$ cat final27.cif   # mmCIF, C-alpha atoms; chains and numbers go by the auth columns
data_entry
loop_
_atom_site.group_PDB
_atom_site.id
_atom_site.type_symbol
_atom_site.label_atom_id
_atom_site.label_comp_id
_atom_site.label_asym_id
_atom_site.label_seq_id
_atom_site.Cartn_x
_atom_site.Cartn_y
_atom_site.Cartn_z
_atom_site.B_iso_or_equiv
_atom_site.auth_seq_id
_atom_site.auth_asym_id
ATOM 1 C CA MET A 1 -23.893 -71.064 8.067 0.00 30 A
ATOM 2 C CA GLY A 2 -20.841 -69.532 6.332 0.00 31 A
ATOM 3 C CA MET A 3 -22.897 -68.237 3.424 0.00 32 A
ATOM 4 C CA SER A 4 -25.580 -66.631 5.603 0.00 33 A
ATOM 5 C CA THR A 5 -22.901 -64.901 7.768 0.00 34 A
ATOM 6 C CA PHE A 6 -21.255 -63.467 4.652 0.00 35 A
ATOM 7 C CA LYS A 7 -24.669 -62.355 3.376 0.00 36 A
ATOM 8 C CA ASN A 8 -25.450 -60.632 6.706 0.00 37 A
ATOM 9 C CA ILE A 9 -22.077 -58.812 6.719 0.00 38 A
ATOM 10 C CA PHE A 10 -22.537 -57.752 3.081 0.00 39 A
ATOM 11 C CA LEU A 11 -26.078 -56.514 3.625 0.00 40 A
ATOM 12 C CA SER A 12 -25.134 -54.698 6.846 0.00 41 A
ATOM 13 C CA ALA A 13 -22.912 -52.377 4.757 0.00 42 A
ATOM 14 C CA PHE A 14 -26.067 -51.010 3.148 0.00 43 A
ATOM 15 C CA VAL A 15 -27.978 -50.464 6.371 0.00 44 A
ATOM 16 C CA TYR A 16 -27.916 -46.983 7.924 0.00 45 A
ATOM 17 C CA ARG A 17 -29.548 -45.347 10.903 0.00 46 A
ATOM 18 C CA THR A 18 -31.900 -42.389 10.785 0.00 47 A
ATOM 19 C CA ALA A 19 -32.556 -39.831 13.517 0.00 48 A
ATOM 20 C CA LYS A 20 -35.265 -42.114 14.890 0.00 49 A
ATOM 21 C CA ASN A 21 -32.824 -45.016 14.996 0.00 50 A
ATOM 22 C CA ASP A 22 -34.973 -46.967 12.557 0.00 51 A
ATOM 23 C CA ILE A 23 -33.152 -49.576 10.556 0.00 52 A
ATOM 24 C CA PRO A 24 -34.692 -49.597 7.065 0.00 53 A
ATOM 25 C CA LYS A 25 -34.765 -52.993 5.431 0.00 54 A
ATOM 26 C CA SER A 26 -34.672 -51.670 1.837 0.00 55 A
ATOM 27 C CA THR A 27 -31.265 -52.486 0.326 0.00 56 A
ATOM 28 C CA LYS A 28 -31.940 -50.145 -2.632 0.00 57 A
ATOM 29 C CA ILE A 29 -32.071 -47.117 -0.338 0.00 58 A
ATOM 30 C CA GLY A 30 -29.004 -48.364 1.539 0.00 59 A
ATOM 31 C CA ILE A 31 -27.057 -48.797 -1.711 0.00 60 A
ATOM 32 C CA LEU A 32 -28.082 -45.297 -2.867 0.00 61 A
ATOM 33 C CA TYR A 33 -27.013 -43.854 0.512 0.00 62 A
ATOM 34 C CA ARG A 34 -23.544 -45.457 0.316 0.00 63 A
ATOM 35 C CA VAL A 35 -23.092 -44.543 -3.391 0.00 64 A
ATOM 36 C CA ILE A 36 -23.731 -40.881 -2.565 0.00 65 A
ATOM 37 C CA GLN A 37 -21.212 -41.063 0.307 0.00 66 A
ATOM 38 C CA LEU A 38 -18.606 -42.700 -1.967 0.00 67 A
ATOM 39 C CA CYS A 39 -19.155 -40.035 -4.649 0.00 68 A
ATOM 40 C CA ILE A 40 -18.529 -37.255 -2.129 0.00 69 A
ATOM 41 C CA ILE A 41 -15.406 -38.947 -0.739 0.00 70 A
ATOM 42 C CA GLY A 42 -14.223 -39.764 -4.279 0.00 71 A
ATOM 43 C CA TYR A 43 -14.664 -36.130 -5.317 0.00 72 A
ATOM 44 C CA LEU A 44 -12.687 -34.873 -2.320 0.00 73 A
ATOM 45 C CA ILE A 45 -9.833 -37.314 -2.755 0.00 74 A
ATOM 46 C CA GLY A 46 -9.754 -37.497 -6.551 0.00 75 A
ATOM 47 C CA TRP A 47 -10.420 -33.937 -7.645 0.00 76 A
ATOM 48 C CA VAL A 48 -9.621 -31.627 -4.725 0.00 77 A
ATOM 49 C CA PHE A 49 -6.542 -33.406 -3.371 0.00 78 A
ATOM 50 C CA VAL A 50 -5.036 -35.306 -6.337 0.00 79 A
ATOM 51 C CA MET A 51 -5.957 -33.241 -9.425 0.00 80 A
ATOM 52 C CA GLU A 52 -6.079 -29.683 -8.020 0.00 81 A
ATOM 53 C CA LYS A 53 -3.661 -30.208 -5.111 0.00 82 A
ATOM 54 C CA GLY A 54 -6.014 -28.205 -2.892 0.00 83 A
ATOM 55 C CA TYR A 55 -3.914 -28.943 0.169 0.00 84 A
ATOM 56 C CA GLN A 56 -1.054 -26.924 -1.408 0.00 85 A
ATOM 57 C CA VAL A 57 -2.987 -23.837 -2.536 0.00 86 A
ATOM 58 C CA GLN A 58 -1.574 -20.559 -1.233 0.00 87 A
ATOM 59 C CA GLU A 59 -3.149 -17.133 -1.185 0.00 88 A
ATOM 60 C CA GLU A 60 -1.759 -15.027 -4.038 0.00 89 A
ATOM 61 C CA SER A 61 -3.039 -11.626 -2.915 0.00 90 A
ATOM 62 C CA ILE A 62 -1.084 -9.108 -0.873 0.00 91 A
ATOM 63 C CA GLN A 63 -1.721 -9.633 2.800 0.00 92 A
ATOM 64 C CA SER A 64 -0.638 -6.136 3.808 0.00 93 A
ATOM 65 C CA SER A 65 1.174 -3.120 2.514 0.00 94 A
ATOM 66 C CA VAL A 66 2.547 0.057 3.999 0.00 95 A
ATOM 67 C CA ILE A 67 2.588 3.403 2.253 0.00 96 A
ATOM 68 C CA THR A 68 4.115 6.392 3.998 0.00 97 A
ATOM 69 C CA LYS A 69 3.549 10.038 3.267 0.00 98 A
ATOM 70 C CA VAL A 70 6.739 12.067 3.108 0.00 99 A
ATOM 71 C CA LYS A 71 6.651 15.735 4.084 0.00 100 A
ATOM 72 C CA GLY A 72 9.293 18.394 3.816 0.00 101 A
ATOM 73 C CA VAL A 73 12.187 19.099 1.501 0.00 102 A
ATOM 74 C CA VAL A 74 15.800 18.006 1.316 0.00 103 A
ATOM 75 C CA LEU A 75 18.725 19.764 -0.316 0.00 104 A
ATOM 76 C CA ILE A 76 21.407 17.437 -1.711 0.00 105 A
ATOM 77 C CA ASN A 77 24.826 18.621 -2.852 0.00 106 A
ATOM 78 C CA SER A 78 26.289 15.787 -4.917 0.00 107 A
ATOM 79 C CA SER A 79 29.615 15.909 -6.712 0.00 108 A
ATOM 80 C CA ASP A 80 27.956 14.155 -9.667 0.00 109 A
ATOM 81 C CA THR A 81 24.763 16.172 -10.064 0.00 110 A
ATOM 82 C CA GLY A 82 25.442 19.327 -8.062 0.00 111 A
ATOM 83 C CA LEU A 83 22.820 21.018 -5.906 0.00 112 A
ATOM 84 C CA SER A 84 19.425 19.252 -6.031 0.00 113 A
ATOM 85 C CA LEU A 85 16.253 19.975 -4.110 0.00 114 A
ATOM 86 C CA TRP A 86 13.721 17.216 -3.522 0.00 115 A
ATOM 87 C CA GLY A 87 10.243 18.105 -2.280 0.00 116 A
ATOM 88 C CA PRO A 88 6.915 16.310 -1.761 0.00 117 A
ATOM 89 C CA GLU A 89 5.956 16.898 -5.390 0.00 118 A
ATOM 90 C CA ASP A 90 8.896 14.708 -6.435 0.00 119 A
ATOM 91 C CA TYR A 91 7.759 11.630 -4.501 0.00 120 A
ATOM 92 C CA VAL A 92 5.508 9.049 -6.136 0.00 121 A
ATOM 93 C CA ILE A 93 3.486 6.390 -4.308 0.00 122 A
ATOM 94 C CA PRO A 94 4.970 3.034 -5.353 0.00 123 A
ATOM 95 C CA PRO A 95 3.045 0.189 -6.964 0.00 124 A
ATOM 96 C CA HIS A 96 2.204 -2.781 -4.766 0.00 125 A
ATOM 97 C CA GLY A 97 4.815 -5.503 -4.751 0.00 126 A
ATOM 98 C CA GLU A 98 5.711 -8.566 -2.784 0.00 127 A
ATOM 99 C CA ALA A 99 8.563 -8.109 -0.277 0.00 128 A
ATOM 100 C CA ASN A 100 9.712 -4.863 -1.903 0.00 129 A
ATOM 101 C CA PHE A 101 10.675 -1.446 -0.606 0.00 130 A
ATOM 102 C CA PHE A 102 10.438 1.538 -2.934 0.00 131 A
ATOM 103 C CA ILE A 103 11.236 5.214 -2.669 0.00 132 A
ATOM 104 C CA THR A 104 10.320 6.279 -6.156 0.00 133 A
ATOM 105 C CA THR A 105 10.774 9.797 -7.391 0.00 134 A
ATOM 106 C CA THR A 106 9.782 11.659 -10.470 0.00 135 A
ATOM 107 C CA VAL A 107 11.510 14.624 -12.030 0.00 136 A
ATOM 108 C CA THR A 108 9.284 17.002 -13.948 0.00 137 A
ATOM 109 C CA LYS A 109 10.446 20.213 -15.592 0.00 138 A
ATOM 110 C CA ILE A 110 7.954 23.024 -15.140 0.00 139 A
ATOM 111 C CA PRO A 111 8.276 25.957 -17.546 0.00 140 A
ATOM 112 C CA ASN A 112 9.373 29.273 -15.991 0.00 141 A
ATOM 113 C CA GLN A 113 10.413 27.556 -12.767 0.00 142 A
ATOM 114 C CA THR A 114 14.083 26.992 -12.005 0.00 143 A
ATOM 115 C CA LEU A 115 16.077 25.789 -9.031 0.00 144 A
ATOM 116 C CA ASP A 116 17.284 29.093 -7.604 0.00 145 A
ATOM 117 C CA LYS A 117 17.062 31.484 -4.648 0.00 146 A
ATOM 118 C CA CYS A 118 13.902 33.529 -4.162 0.00 147 A
ATOM 119 C CA ALA A 119 11.457 34.784 -1.516 0.00 148 A
ATOM 120 C CA GLU A 120 9.219 32.236 0.183 0.00 149 A
ATOM 121 C CA SER A 121 5.477 32.743 -0.209 0.00 150 A
ATOM 122 C CA ASP A 122 4.076 35.191 2.351 0.00 151 A
ATOM 123 C CA THR A 123 1.175 32.765 2.945 0.00 152 A
ATOM 124 C CA VAL A 124 3.554 30.260 4.589 0.00 153 A
ATOM 125 C CA PRO A 125 3.748 31.118 8.333 0.00 154 A
ATOM 126 C CA ASP A 126 7.196 29.545 8.853 0.00 155 A
ATOM 127 C CA GLY A 127 8.555 31.619 5.968 0.00 156 A
ATOM 128 C CA ARG A 128 7.893 35.006 7.625 0.00 157 A
ATOM 129 C CA CYS A 129 10.706 36.893 9.344 0.00 158 A
ATOM 130 C CA SER A 130 11.685 40.237 10.828 0.00 159 A
ATOM 131 C CA ASP A 131 15.472 39.854 10.426 0.00 160 A
ATOM 132 C CA ASN A 132 18.115 37.368 9.247 0.00 161 A
ATOM 133 C CA ASN A 133 18.038 35.521 12.608 0.00 162 A
ATOM 134 C CA GLY A 134 14.503 34.354 11.763 0.00 163 A
ATOM 135 C CA CYS A 135 15.827 32.441 8.754 0.00 164 A
ATOM 136 C CA PRO A 136 18.504 29.967 9.946 0.00 165 A
ATOM 137 C CA ARG A 137 20.583 28.768 6.994 0.00 166 A
ATOM 138 C CA GLY A 138 19.889 25.170 5.850 0.00 167 A
ATOM 139 C CA GLU A 139 16.635 24.821 7.778 0.00 168 A
ATOM 140 C CA PRO A 140 13.610 23.645 5.755 0.00 169 A
ATOM 141 C CA VAL A 141 10.519 25.853 5.712 0.00 170 A
ATOM 142 C CA SER A 142 7.667 23.929 7.346 0.00 171 A
ATOM 143 C CA ALA A 143 4.918 23.483 4.740 0.00 172 A
ATOM 144 C CA GLY A 144 7.013 25.664 2.454 0.00 173 A
ATOM 145 C CA HIS A 145 8.848 25.353 -0.816 0.00 174 A
ATOM 146 C CA GLY A 146 12.536 25.023 0.014 0.00 175 A
ATOM 147 C CA MET A 147 15.474 25.447 2.387 0.00 176 A
ATOM 148 C CA LYS A 148 16.226 28.753 4.133 0.00 177 A
ATOM 149 C CA THR A 149 19.394 30.521 2.949 0.00 178 A
ATOM 150 C CA GLY A 150 19.873 32.706 6.044 0.00 179 A
ATOM 151 C CA ARG A 151 18.567 35.966 4.543 0.00 180 A
ATOM 152 C CA CYS A 152 15.353 37.808 5.386 0.00 181 A
ATOM 153 C CA LEU A 153 13.957 39.699 2.392 0.00 182 A
ATOM 154 C CA LYS A 154 11.909 42.805 3.262 0.00 183 A
ATOM 155 C CA LYS A 155 10.248 45.374 1.033 0.00 184 A
ATOM 156 C CA ASP A 156 11.113 48.195 3.455 0.00 185 A
ATOM 157 C CA ARG A 157 12.762 48.611 6.852 0.00 186 A
ATOM 158 C CA ASN A 158 9.557 48.438 8.979 0.00 187 A
ATOM 159 C CA ASP A 159 7.874 45.660 7.022 0.00 188 A
ATOM 160 C CA THR A 160 7.734 41.974 7.982 0.00 189 A
ATOM 161 C CA GLY A 161 9.596 40.020 5.341 0.00 190 A
ATOM 162 C CA THR A 162 9.868 36.492 4.071 0.00 191 A
ATOM 163 C CA CYS A 163 12.858 34.189 4.224 0.00 192 A
ATOM 164 C CA GLU A 164 14.910 33.694 1.107 0.00 193 A
ATOM 165 C CA ILE A 165 14.810 30.035 0.117 0.00 194 A
ATOM 166 C CA HIS A 166 16.725 27.769 -2.176 0.00 195 A
ATOM 167 C CA GLY A 167 14.036 25.951 -4.124 0.00 196 A
ATOM 168 C CA TRP A 168 11.869 26.060 -7.220 0.00 197 A
ATOM 169 C CA CYS A 169 11.464 29.724 -8.100 0.00 198 A
ATOM 170 C CA PRO A 170 9.191 31.500 -8.413 0.00 199 A
ATOM 171 C CA VAL A 171 7.254 29.624 -5.716 0.00 200 A
ATOM 172 C CA GLU A 172 3.743 28.489 -6.539 0.00 201 A
ATOM 173 C CA GLU A 173 1.032 30.740 -5.182 0.00 202 A
ATOM 174 C CA SER A 174 -2.455 29.317 -4.719 0.00 203 A
ATOM 175 C CA GLN A 175 -4.933 31.086 -6.967 0.00 204 A
ATOM 176 C CA LYS A 176 -8.237 32.136 -5.426 0.00 205 A
ATOM 177 C CA SER A 177 -11.274 31.609 -7.628 0.00 206 A
ATOM 178 C CA LYS A 178 -13.012 34.800 -8.725 0.00 207 A
#
$ encode --input "final27.cif" --output "C-alpha cells"
Amino acid sequence: MGMSTFKNIFLSAFVYRTAKNDIPKSTKIGILYRVIQLCIIGYLIGWVFVMEKGYQVQEESIQSSVITKVKGVVLINSSDTGLSLWGPEDYVIPPHGEANFFITTTVTKIPNQTLDKCAESDTVPDGRCSDNNGCPRGEPVSAGHGMKTGRCLKKDRNDTGTCEIHGWCPVEESQKSK
C-alpha cells in the first residue's frame, strides 16, 4: 500500500489538465510538459534575476529636458572686463546632461564689427524715433541689436530717425536676394 501511494503521488506530478479537462495517461507527455515549465522558470530565475540582475535595471536615457530660448540683449559693466553686450547670437543651446543646468555662451569676433555706438537698423520698428524721448537710455531695442543710449539720430530735421544703440556696430542688415 505504501509503495502504490508513493507511485500515485509521483505520477500525479506529471499529469496536467487540458481545456477539455481531459487527464492524459501518457507520462511521457506529462514529463515533457513539466520539463518545459521548469526550463522557463529556471531561465527566469537563473538568467534574468541572478545573472543579469533584471530586477535592478534602470533606464539610462534622459526622461525629460528643458531648453529655453532667450531673447533680447543685456549690457554688463564689469570692473574686470568693462562694458560687455550679450545678445541672442552669443547664447548656445547646451548639450543634454543629467541633473545639470547650463547657460552656455560663445564669443565670436566678427571682422569689421566692434562694440560701439551706432544707429539702429531702420528696419527694426522699436528702433525708430522722432526725438530723444523716443530712445530712453538703457532700454533694449525689441528685436534689435543693442541697448538705447538716449539719442535719436536723424538725417535731417523733418526726417524720422533711428535710436543710437550701444551694440555691435555696424548693425547687420538683412540682404535681399537679387
$ resolve_selection --input "final27.cif" --expression "the PyMOL selection byres ((chain A and resi 178-180) around 7)" --output "list in words"
Asn161, Cys164, Pro165, Arg166, Gly167, Met176, Lys177, Cys181, Leu182, Cys192, Glu193, Ile194 and His195 of chain A
$ resolve_selection --input "final27.cif" --expression "the PyMOL selection byres ((chain A and resi 198) around 10)" --output "list in words"
Asn141, Gln142, Thr143, Leu144, Asp145, Lys146, Cys147, Ala148, Glu149, His174, Gly175, Ile194, His195, Gly196, Trp197, Pro199, Val200 and Glu201 of chain A
$ axis_aligned_box --input "final27.cif" --around "range 146-165 of chain A" --padding-each-side "6 Å" --output "lines of an AutoDock Vina configuration file"
center_x = 9.8
center_y = 34.9
center_z = 4.0
size_x = 29.3
size_y = 22.7
size_z = 29.3
$ atom_distance --input "final27.cif" --atom1 "CA of Gly101 in chain A" --atom2 "CA of Arg157 in chain A"
17.1 Å
$ atom_distance --input "final27.cif" --atom1 "CA of Ile74 in chain A" --atom2 "CA of Leu61 in chain A"
19.9 Å
$ residues_around --input "final27.cif" --residues "Val44 in chain A" --least-positions-apart "5" --cutoff "9 Å" --atoms "all atoms listed in the file" --output "list in words"
Ile52, Pro53, Lys54, Ser55, Thr56, Ile58, Gly59, Ile60 and Tyr62 of chain A
$ resolve_selection --input "final27.cif" --expression "the PyMOL selection byres ((chain A and resi 156) around 8)" --output "mmCIF file with C-alpha atoms, in the coordinates of the input"
data_model
loop_
_atom_site.group_PDB
_atom_site.id
_atom_site.type_symbol
_atom_site.label_atom_id
_atom_site.label_comp_id
_atom_site.auth_asym_id
_atom_site.auth_seq_id
_atom_site.Cartn_x
_atom_site.Cartn_y
_atom_site.Cartn_z
ATOM 1 C CA GLU A 149 9.219 32.236 0.183
ATOM 2 C CA SER A 150 5.477 32.743 -0.209
ATOM 3 C CA ASP A 151 4.076 35.191 2.351
ATOM 4 C CA VAL A 153 3.554 30.260 4.589
ATOM 5 C CA PRO A 154 3.748 31.118 8.333
ATOM 6 C CA ASP A 155 7.196 29.545 8.853
ATOM 7 C CA ARG A 157 7.893 35.006 7.625
ATOM 8 C CA CYS A 158 10.706 36.893 9.344
ATOM 9 C CA CYS A 164 15.827 32.441 8.754
ATOM 10 C CA VAL A 170 10.519 25.853 5.712
ATOM 11 C CA SER A 171 7.667 23.929 7.346
ATOM 12 C CA GLY A 173 7.013 25.664 2.454
ATOM 13 C CA THR A 191 9.868 36.492 4.071
ATOM 14 C CA CYS A 192 12.858 34.189 4.224
#
$ atom_distance --input "final27.cif" --atom1 "CA of Ile70 in chain A" --atom2 "CA of Phe35 in chain A"
25.8 Å
